[in-house]
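Enquirer: Got my_file30.cif for you, mmCIF, C-alpha atoms; chains and numbers go by the auth columns:
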data_coords
loop_
_atom_site.group_PDB
_atom_site.id
_atom_site.type_symbol
_atom_site.label_atom_id
_atom_site.label_comp_id
_atom_site.label_asym_id
_atom_site.label_seq_id
_atom_site.Cartn_x
_atom_site.Cartn_y
_atom_site.Cartn_z
_atom_site.B_iso_or_equiv
_atom_site.auth_seq_id
_atom_site.auth_asym_id
ATOM 1 C CA MET A 1 19.311 284.276 308.300 0.00 10 A
ATOM 2 C CA SER A 2 18.379 282.766 304.959 0.00 11 A
ATOM 3 C CA ASP A 3 20.756 285.179 303.180 0.00 12 A
ATOM 4 C CA ARG A 4 23.593 284.014 305.410 0.00 13 A
ATOM 5 C CA PHE A 5 23.016 280.348 304.646 0.00 14 A
ATOM 6 C CA GLU A 6 22.704 281.134 300.955 0.00 15 A
ATOM 7 C CA ARG A 7 26.106 282.911 301.039 0.00 16 A
ATOM 8 C CA LEU A 8 27.681 279.976 302.867 0.00 17 A
ATOM 9 C CA GLY A 9 26.210 277.598 300.326 0.00 18 A
ATOM 10 C CA THR A 10 27.669 279.635 297.475 0.00 19 A
ATOM 11 C CA ILE A 11 31.136 279.664 299.060 0.00 20 A
ATOM 12 C CA GLY A 12 30.914 275.923 299.660 0.00 21 A
ATOM 13 C CA ARG A 13 30.061 275.246 296.041 0.00 22 A
ATOM 14 C CA ARG A 14 32.958 277.398 294.829 0.00 23 A
ATOM 15 C CA ASP A 15 35.427 275.576 297.075 0.00 24 A
ATOM 16 C CA TYR A 16 34.071 272.251 295.907 0.00 25 A
ATOM 17 C CA LEU A 17 34.415 273.187 292.238 0.00 26 A
ATOM 18 C CA ARG A 18 37.963 274.458 292.772 0.00 27 A
ATOM 19 C CA ALA A 19 38.948 271.279 294.613 0.00 28 A
ATOM 20 C CA THR A 20 37.431 268.901 292.066 0.00 29 A
ATOM 21 C CA GLY A 21 38.929 270.884 289.198 0.00 30 A
ATOM 22 C CA ALA A 22 42.405 270.687 290.721 0.00 31 A
ATOM 23 C CA ALA A 23 41.993 266.968 291.299 0.00 32 A
ATOM 24 C CA ALA A 24 40.946 266.454 287.689 0.00 33 A
ATOM 25 C CA LEU A 25 43.953 268.374 286.389 0.00 34 A
ATOM 26 C CA GLY A 26 46.259 266.404 288.630 0.00 35 A
ATOM 27 C CA THR A 27 44.835 263.128 287.392 0.00 36 A
ATOM 28 C CA ALA A 28 45.145 264.208 283.776 0.00 37 A
ATOM 29 C CA GLY A 29 48.770 265.236 284.301 0.00 38 A
ATOM 30 C CA LEU A 30 49.615 261.943 285.936 0.00 39 A
ATOM 31 C CA ALA A 31 47.965 260.021 283.138 0.00 40 A
ATOM 32 C CA GLY A 32 50.037 261.993 280.632 0.00 41 A
ATOM 33 C CA CYS A 33 53.244 261.042 282.428 0.00 42 A
ATOM 34 C CA ILE A 34 52.615 257.359 282.867 0.00 43 A
ATOM 35 C CA GLY A 35 50.658 256.832 279.665 0.00 44 A
ATOM 36 C CA ARG A 36 53.442 257.523 277.158 0.00 45 A
ATOM 37 C CA ALA A 37 54.344 254.377 275.249 0.00 46 A
ATOM 38 C CA THR A 38 57.883 253.058 275.058 0.00 47 A
ATOM 39 C CA GLY A 39 60.078 251.003 272.768 0.00 48 A
ATOM 40 C CA THR A 40 63.620 249.591 272.840 0.00 49 A
ATOM 41 C CA LEU A 41 66.824 250.997 271.351 0.00 50 A
ATOM 42 C CA ALA A 42 69.596 248.455 270.714 0.00 51 A
ATOM 43 C CA THR A 43 72.898 250.159 269.821 0.00 52 A
ATOM 44 C CA SER A 44 75.694 248.236 268.094 0.00 53 A
ATOM 45 C CA VAL A 45 79.053 249.181 266.573 0.00 54 A
ATOM 46 C CA THR A 46 80.988 247.941 263.563 0.00 55 A
ATOM 47 C CA ASP A 47 84.046 248.958 261.531 0.00 56 A
ATOM 48 C CA GLN A 48 84.643 249.750 257.873 0.00 57 A
ATOM 49 C CA PRO A 49 88.066 248.800 256.471 0.00 58 A
ATOM 50 C CA ALA A 50 89.721 252.238 255.996 0.00 59 A
ATOM 51 C CA ASP A 51 93.138 251.864 257.699 0.00 60 A
ATOM 52 C CA ILE A 52 92.153 249.147 260.182 0.00 61 A
ATOM 53 C CA GLY A 53 94.663 246.848 258.446 0.00 62 A
ATOM 54 C CA ASP A 54 97.436 248.821 260.166 0.00 63 A
ATOM 55 C CA PHE A 55 96.331 247.513 263.561 0.00 64 A
ATOM 56 C CA GLU A 56 96.752 244.332 265.517 0.00 65 A
ATOM 57 C CA SER A 57 94.101 245.625 267.915 0.00 66 A
ATOM 58 C CA LEU A 58 92.149 248.837 268.349 0.00 67 A
ATOM 59 C CA VAL A 59 90.045 248.796 271.495 0.00 68 A
ATOM 60 C CA VAL A 60 87.560 251.641 271.881 0.00 69 A
ATOM 61 C CA THR A 61 85.932 252.391 275.251 0.00 70 A
ATOM 62 C CA ILE A 62 82.402 253.780 275.105 0.00 71 A
ATOM 63 C CA ASP A 63 80.769 255.234 278.235 0.00 72 A
ATOM 64 C CA GLY A 64 77.339 256.130 276.913 0.00 73 A
ATOM 65 C CA ILE A 65 75.270 257.632 274.121 0.00 74 A
ATOM 66 C CA TRP A 66 73.648 260.967 273.379 0.00 75 A
ATOM 67 C CA LEU A 67 70.398 261.094 271.458 0.00 76 A
ATOM 68 C CA GLY A 68 69.415 264.097 269.386 0.00 77 A
ATOM 69 C CA PRO A 69 66.382 265.931 270.797 0.00 78 A
ATOM 70 C CA GLU A 70 63.096 264.179 270.088 0.00 79 A
ATOM 71 C CA GLY A 71 61.465 265.762 267.072 0.00 80 A
ATOM 72 C CA GLY A 72 64.563 267.865 266.345 0.00 81 A
ATOM 73 C CA ASP A 73 66.153 268.420 262.952 0.00 82 A
ATOM 74 C CA GLY A 74 68.914 266.119 261.830 0.00 83 A
ATOM 75 C CA GLY A 75 72.214 267.527 260.659 0.00 84 A
ATOM 76 C CA GLU A 76 73.336 267.581 257.057 0.00 85 A
ATOM 77 C CA GLU A 77 76.029 265.225 255.902 0.00 86 A
ATOM 78 C CA ASP A 78 79.370 267.012 255.757 0.00 87 A
ATOM 79 C CA GLY A 79 81.167 264.584 253.450 0.00 88 A
ATOM 80 C CA ASP A 80 80.585 263.987 249.746 0.00 89 A
ATOM 81 C CA ASP A 81 78.773 260.939 248.447 0.00 90 A
ATOM 82 C CA GLU A 82 81.939 259.533 246.920 0.00 91 A
ATOM 83 C CA GLY A 83 83.818 259.090 250.168 0.00 92 A
ATOM 84 C CA ASP A 84 83.613 256.030 252.363 0.00 93 A
ATOM 85 C CA VAL A 85 84.413 257.821 255.583 0.00 94 A
ATOM 86 C CA ASP A 86 82.936 261.103 256.743 0.00 95 A
ATOM 87 C CA ASP A 87 84.171 263.460 259.426 0.00 96 A
ATOM 88 C CA GLY A 88 80.992 264.775 261.049 0.00 97 A
ATOM 89 C CA ASN A 89 82.846 266.211 264.037 0.00 98 A
ATOM 90 C CA GLU A 90 84.749 269.324 262.988 0.00 99 A
ATOM 91 C CA THR A 91 85.158 271.787 265.852 0.00 100 A
ATOM 92 C CA ASP A 92 83.165 274.955 266.309 0.00 101 A
ATOM 93 C CA SER A 93 85.191 278.025 267.202 0.00 102 A
ATOM 94 C CA ALA A 94 82.343 279.303 269.337 0.00 103 A
ATOM 95 C CA GLY A 95 82.171 276.166 271.392 0.00 104 A
ATOM 96 C CA GLY A 96 85.742 275.051 271.946 0.00 105 A
ATOM 97 C CA ASN A 97 86.125 271.362 271.145 0.00 106 A
ATOM 98 C CA GLU A 98 82.414 270.790 270.914 0.00 107 A
ATOM 99 C CA THR A 99 80.446 271.314 267.752 0.00 108 A
ATOM 100 C CA ASP A 100 76.966 272.089 266.537 0.00 109 A
ATOM 101 C CA PRO A 101 74.328 269.350 266.241 0.00 110 A
ATOM 102 C CA GLY A 102 72.841 271.352 263.429 0.00 111 A
ATOM 103 C CA ASP A 103 75.778 269.849 261.512 0.00 112 A
ATOM 104 C CA GLY A 104 75.274 266.565 263.304 0.00 113 A
ATOM 105 C CA ASN A 105 77.647 267.308 266.137 0.00 114 A
ATOM 106 C CA GLU A 106 77.758 268.381 269.755 0.00 115 A
ATOM 107 C CA THR A 107 76.844 271.958 270.553 0.00 116 A
ATOM 108 C CA GLY A 108 79.044 274.516 272.226 0.00 117 A
ATOM 109 C CA SER A 109 76.190 276.609 273.637 0.00 118 A
ATOM 110 C CA ASP A 110 72.879 275.978 275.336 0.00 119 A
ATOM 111 C CA ASP A 111 69.975 277.905 273.849 0.00 120 A
ATOM 112 C CA SER A 112 67.319 276.046 275.800 0.00 121 A
ATOM 113 C CA ASP A 113 65.932 276.595 279.285 0.00 122 A
ATOM 114 C CA ASP A 114 66.936 273.076 280.344 0.00 123 A
ATOM 115 C CA GLU A 115 68.668 273.272 283.699 0.00 124 A
ATOM 116 C CA SER A 116 70.190 269.804 283.445 0.00 125 A
ATOM 117 C CA SER A 117 72.886 270.409 280.842 0.00 126 A
ATOM 118 C CA ASP A 118 74.938 267.422 282.005 0.00 127 A
ATOM 119 C CA GLU A 119 71.983 265.044 281.754 0.00 128 A
ATOM 120 C CA ASP A 120 69.980 266.409 278.840 0.00 129 A
ATOM 121 C CA GLY A 121 72.790 268.293 277.157 0.00 130 A
ATOM 122 C CA PRO A 122 72.594 271.404 274.995 0.00 131 A
ATOM 123 C CA GLN A 123 69.347 271.998 273.098 0.00 132 A
ATOM 124 C CA GLY A 124 67.581 269.134 274.791 0.00 133 A
ATOM 125 C CA ARG A 125 69.671 266.148 273.701 0.00 134 A
ATOM 126 C CA GLU A 126 69.599 263.195 276.097 0.00 135 A
ATOM 127 C CA TYR A 127 72.604 261.488 277.632 0.00 136 A
ATOM 128 C CA HIS A 128 72.367 257.839 278.660 0.00 137 A
ATOM 129 C CA GLU A 129 75.357 256.517 280.583 0.00 138 A
ATOM 130 C CA PHE A 130 76.006 252.784 280.444 0.00 139 A
ATOM 131 C CA ASP A 131 75.980 250.809 283.685 0.00 140 A
ATOM 132 C CA GLU A 132 79.551 249.799 282.789 0.00 141 A
ATOM 133 C CA PRO A 133 81.859 251.171 280.072 0.00 142 A
ATOM 134 C CA GLN A 134 81.782 249.005 276.957 0.00 143 A
ATOM 135 C CA GLU A 135 84.933 247.975 275.090 0.00 144 A
ATOM 136 C CA ALA A 136 84.971 247.056 271.413 0.00 145 A
ATOM 137 C CA ASP A 137 87.999 245.881 269.409 0.00 146 A
ATOM 138 C CA LEU A 138 87.413 247.297 265.934 0.00 147 A
ATOM 139 C CA VAL A 139 89.848 244.802 264.415 0.00 148 A
ATOM 140 C CA GLN A 140 87.347 242.092 265.353 0.00 149 A
ATOM 141 C CA LEU A 141 84.380 244.041 263.942 0.00 150 A
ATOM 142 C CA GLN A 142 85.206 244.217 260.256 0.00 151 A
ATOM 143 C CA GLY A 143 82.821 243.343 257.456 0.00 152 A
ATOM 144 C CA GLU A 144 79.467 242.091 258.715 0.00 153 A
ATOM 145 C CA GLU A 145 80.622 241.698 262.331 0.00 154 A
ATOM 146 C CA THR A 146 78.882 243.869 264.920 0.00 155 A
ATOM 147 C CA GLN A 147 78.902 244.158 268.708 0.00 156 A
ATOM 148 C CA LEU A 148 75.904 245.108 270.841 0.00 157 A
ATOM 149 C CA ILE A 149 76.972 247.745 273.370 0.00 158 A
ATOM 150 C CA ASP A 150 73.649 248.853 274.855 0.00 159 A
ATOM 151 C CA GLU A 151 69.955 248.073 274.987 0.00 160 A
ATOM 152 C CA ARG A 152 67.462 250.290 276.787 0.00 161 A
ATOM 153 C CA GLU A 153 63.803 251.288 276.875 0.00 162 A
ATOM 154 C CA LEU A 154 62.960 254.790 275.675 0.00 163 A
ATOM 155 C CA THR A 155 59.869 256.902 275.102 0.00 164 A
ATOM 156 C CA ILE A 156 58.553 256.607 271.567 0.00 165 A
ATOM 157 C CA GLY A 157 59.544 259.417 269.225 0.00 166 A
ATOM 158 C CA THR A 158 61.779 260.404 266.335 0.00 167 A
ATOM 159 C CA TYR A 159 65.432 261.277 266.953 0.00 168 A
ATOM 160 C CA PRO A 160 67.641 263.000 264.357 0.00 169 A
ATOM 161 C CA TYR A 161 71.026 261.590 265.375 0.00 170 A
ATOM 162 C CA LEU A 162 72.987 259.426 267.808 0.00 171 A
ATOM 163 C CA GLN A 163 76.380 260.164 269.366 0.00 172 A
ATOM 164 C CA LEU A 164 78.850 257.776 270.966 0.00 173 A
ATOM 165 C CA ASP A 165 80.629 258.969 274.107 0.00 174 A
ATOM 166 C CA VAL A 166 84.088 257.497 273.441 0.00 175 A
ATOM 167 C CA SER A 167 86.262 257.938 276.515 0.00 176 A
ATOM 168 C CA GLY A 168 89.441 256.245 275.321 0.00 177 A
ATOM 169 C CA THR A 169 91.284 254.105 272.793 0.00 178 A
ATOM 170 C CA ASP A 170 94.025 251.483 273.169 0.00 179 A
ATOM 171 C CA ALA A 171 95.792 250.747 269.886 0.00 180 A
ATOM 172 C CA THR A 172 98.561 248.351 268.876 0.00 181 A
ATOM 173 C CA LEU A 173 99.877 248.393 265.323 0.00 182 A
ATOM 174 C CA ALA A 174 100.409 245.222 263.306 0.00 183 A
ATOM 175 C CA ASP A 175 104.182 245.743 263.498 0.00 184 A
ATOM 176 C CA GLY A 176 104.001 245.883 267.302 0.00 185 A
ATOM 177 C CA GLY A 177 104.298 249.641 267.579 0.00 186 A
ATOM 178 C CA GLU A 178 101.884 252.002 269.281 0.00 187 A
ATOM 179 C CA ALA A 179 99.614 254.535 267.632 0.00 188 A
ATOM 180 C CA THR A 180 97.644 257.522 268.800 0.00 189 A
ATOM 181 C CA VAL A 181 93.966 257.325 267.853 0.00 190 A
ATOM 182 C CA GLU A 182 91.919 260.473 268.392 0.00 191 A
ATOM 183 C CA LEU A 183 88.400 261.776 267.875 0.00 192 A
ATOM 184 C CA PRO A 184 87.912 264.736 265.510 0.00 193 A
ATOM 185 C CA GLY A 185 87.883 267.798 267.725 0.00 194 A
ATOM 186 C CA ASN A 186 87.856 265.521 270.793 0.00 195 A
ATOM 187 C CA ALA A 187 84.054 265.537 270.398 0.00 196 A
ATOM 188 C CA PRO A 188 81.641 262.582 270.471 0.00 197 A
ATOM 189 C CA LEU A 189 81.303 260.533 267.297 0.00 198 A
ATOM 190 C CA THR A 190 78.117 261.737 265.638 0.00 199 A
ATOM 191 C CA PHE A 191 75.947 259.585 263.372 0.00 200 A
ATOM 192 C CA ASN A 192 73.497 261.673 261.356 0.00 201 A
ATOM 193 C CA GLN A 193 70.817 259.085 260.801 0.00 202 A
ATOM 194 C CA GLU A 194 67.235 259.767 261.834 0.00 203 A
ATOM 195 C CA PHE A 195 65.553 256.880 263.631 0.00 204 A
ATOM 196 C CA GLU A 196 62.342 256.147 265.501 0.00 205 A
ATOM 197 C CA ILE A 197 61.535 254.515 268.796 0.00 206 A
ATOM 198 C CA ARG A 198 58.328 252.619 268.108 0.00 207 A
ATOM 199 C CA GLU A 199 55.845 251.252 270.590 0.00 208 A
ATOM 200 C CA GLU A 200 56.641 247.700 271.700 0.00 209 A
ATOM 201 C CA SER A 201 59.321 247.414 269.004 0.00 210 A
ATOM 202 C CA VAL A 202 63.101 247.089 268.952 0.00 211 A
ATOM 203 C CA THR A 203 65.048 249.687 266.992 0.00 212 A
ATOM 204 C CA SER A 204 68.514 248.407 266.073 0.00 213 A
ATOM 205 C CA PHE A 205 70.997 251.209 265.388 0.00 214 A
ATOM 206 C CA THR A 206 74.419 250.124 264.119 0.00 215 A
ATOM 207 C CA ALA A 207 77.040 252.883 264.329 0.00 216 A
ATOM 208 C CA ASP A 208 79.780 252.395 261.745 0.00 217 A
ATOM 209 C CA PHE A 209 83.145 254.096 262.172 0.00 218 A
ATOM 210 C CA ALA A 210 86.758 253.539 261.157 0.00 219 A
ATOM 211 C CA PRO A 211 90.324 254.763 261.820 0.00 220 A
ATOM 212 C CA VAL A 212 91.879 256.977 259.159 0.00 221 A
ATOM 213 C CA GLU A 213 95.630 257.629 259.123 0.00 222 A
ATOM 214 C CA ARG A 214 96.754 261.222 259.513 0.00 223 A
ATOM 215 C CA GLY A 215 100.496 260.600 259.454 0.00 224 A
ATOM 216 C CA ASN A 216 103.185 260.708 262.141 0.00 225 A
ATOM 217 C CA GLY A 217 101.659 257.653 263.808 0.00 226 A
ATOM 218 C CA THR A 218 98.311 259.325 264.476 0.00 227 A
ATOM 219 C CA TYR A 219 94.832 258.257 263.364 0.00 228 A
ATOM 220 C CA LEU A 220 91.332 259.699 263.535 0.00 229 A
ATOM 221 C CA LEU A 221 88.188 257.719 264.287 0.00 230 A
ATOM 222 C CA ARG A 222 85.535 258.877 261.834 0.00 231 A
ATOM 223 C CA PRO A 223 81.869 258.007 261.289 0.00 232 A
ATOM 224 C CA VAL A 224 80.960 256.152 258.095 0.00 233 A
ATOM 225 C CA PRO A 225 77.553 257.583 257.131 0.00 234 A
ATOM 226 C CA ARG A 226 76.841 255.062 254.389 0.00 235 A
ATOM 227 C CA GLY A 227 77.573 252.204 256.779 0.00 236 A
ATOM 228 C CA ILE A 228 74.950 253.180 259.386 0.00 237 A
ATOM 229 C CA GLU A 229 72.105 250.691 259.595 0.00 238 A
ATOM 230 C CA VAL A 230 68.721 251.116 261.271 0.00 239 A
ATOM 231 C CA SER A 231 66.154 248.322 261.434 0.00 240 A
ATOM 232 C CA TYR A 232 62.915 247.658 263.285 0.00 241 A
ATOM 233 C CA GLU A 233 61.248 244.539 264.615 0.00 242 A
ATOM 234 C CA GLU A 234 58.445 243.786 267.036 0.00 243 A
ATOM 235 C CA ASP A 235 59.472 243.191 270.621 0.00 244 A
ATOM 236 C CA GLY A 236 58.998 239.472 271.263 0.00 245 A
ATOM 237 C CA SER A 237 59.914 239.619 274.965 0.00 246 A
ATOM 238 C CA GLU A 238 56.354 238.988 276.129 0.00 247 A
#
The structure in this file should be written as structure tokens.
Expert:
Amino acid sequence: MSDRFERLGTIGRRDYLRATGAAALGTAGLAGCIGRATGTLATSVTDQPADIGDFESLVVTIDGIWLGPEGGDGGEEDGDDEGDVDDGNETDSAGGNETDPGDGNETGSDDSDDESSDEDGPQGREYHEFDEPQEADLVQLQGEETQLIDERELTIGTYPYLQLDVSGTDATLADGGEATVELPGNAPLTFNQEFEIREESVTSFTADFAPVERGNGTYLLRPVPRGIEVSYEEDGSE
């Protein structure tokens, strides 16, 4: 009889230890999820001169932003240091119109195990769609003028690049004619500037891009690497 009760006591202790261990792991996991600090990313756009003087208006519609994977490697600048405008969006033959973020551009293949390619994108990049598409007239954003297009709270971390999801352009030339304004490779505009999201701070990322004439009434929107600005300040919302 005593052996039987001893066996039951042993089984009871094992069950208890398994149950309390599982509960502890669950609590630790939950704390890890809700305990990660956050900061704010404020994204703005501006325009370098380039060929903007050809336009009476150049309205760009932006639907959202992609952020390079947290802790990932930033792409190398493709243009030389002498140029004012850089095309960081050349196409990749392996990926159709999309390009490789290793060069600061969108990837054409997914090497990760992420199942949500539409949301997180290839190789773990994050897509954040705006509540409403934002329109910016680049003619009005020359020099020191900027326009805030998005502000959102994100998990702290370091991101190697930012991409603008430009869904359309509406251009009118200064002489009243129309012009076709395209994106290089029809890919997002990529800005190869590493930035941080810091706890209880606001990171201001200003994406600088400009139209460059190609001829035959067509223009390309291109990033201006040297015009990108990133600044940090404490969040004074509280």
Enquirer: Which one is closest to Glu238 in chain A: A:Glu222, A:Ser53, A:Arg45, A:Gln143? Count all atoms listed in the file.
Expert: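 Using all atoms listed in the file, Glu238 in chain A sits closest to A:Ser53.
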Enquirer: Restricting the calculation to only C-alpha atoms: of A:Tyr228, A:Phe214, A:Phe204, A:Tyr136, which residue gets closest to Gly166 in chain A?
Expert: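 Of all the options, A:Phe204 lies closest to Gly166 in chain A.
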Enquirer: Apply the PyMOL selection byres ((chain A and resi 64-66) around 6) to the displayed file and report the matching residues as a ChimeraX atom specification.
Expert: /A:61-63,67,148,180-183
Enquirer: Closest to Pro78 in chain A among A:Leu229, A:Val221, A:Leu171, A:Leu192, using all atoms listed in the file?
Expert: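 Nearest to Pro78 in chain A: A:Leu171.
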Enquirer: Of the candidates A:Leu163, A:Val239, A:Val54, A:Ala46, which shows the shortest atom-to-atom distance to Glu144 in chain A, using all atoms listed in the file?
Expert: A:Val54
Enquirer: For this file, the PyMOL selection byres ((chain A and resi 174) around 8) selects which residues, as number ranges by chain?
Expert: A: 71-75, 172-173, 175-176, 197-198
Enquirer: Which residues are near Ile206 in chain A? Cut-off 7 Å, only C-alpha atoms, ignore same chain within fewer than 4 positions. Put them as a PDB file with C-alpha atoms, in the frame of the given file.
Expert:
ATOM      1  CA  GLY A  48      60.078 251.003 272.768  1.00  0.00           C
ATOM      2  CA  THR A  49      63.620 249.591 272.840  1.00  0.00           C
ATOM      3  CA  LEU A  50      66.824 250.997 271.351  1.00  0.00           C
ATOM      4  CA  THR A 164      59.869 256.902 275.102  1.00  0.00           C
ATOM      5  CA  ILE A 165      58.553 256.607 271.567  1.00  0.00           C
ATOM      6  CA  GLY A 166      59.544 259.417 269.225  1.00  0.00           C
ATOM      7  CA  THR A 167      61.779 260.404 266.335  1.00  0.00           C
ATOM      8  CA  THR A 212      65.048 249.687 266.992  1.00  0.00           C
TER       9      THR A 212
END
Enquirer: Do you have the CA of Glu205 in chain A-CA of Glu162 in chain A distance handy?
Expert: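 Separation between CA of Glu205 in chain A and CA of Glu162 in chain A: 12.5 Å.
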Enquirer: Please determine the residues with any atom at most 7 Å from (61.9, 246.3, 266.4) (coordinates as given in the file, with only C-alpha atoms counting) and report them as a PyMOL selection string.
Expert: chain A and resi 210-213+240-244
Enquirer: Using all atoms listed in the file, which of the listed residues (A:Asn195, A:Arg235, A:Gly245, A:Gly152) sits closest to Glu209 in chain A?
Expert: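 Looking at the shortest contact to Glu209 in chain A, the residue is A:Gly245.
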Enquirer: Edge lengths and centre in Å to one decimal, as JSON, is what I'm after for the box along x, y and z that holds all listed atoms of range 164-178 of chain A once 8 Å is added on each side.
Expert:
{"center_x": 74.9, "center_y": 258.6, "center_z": 270.4, "size_x": 48.7, "size_y": 24.9, "size_z": 28.2}
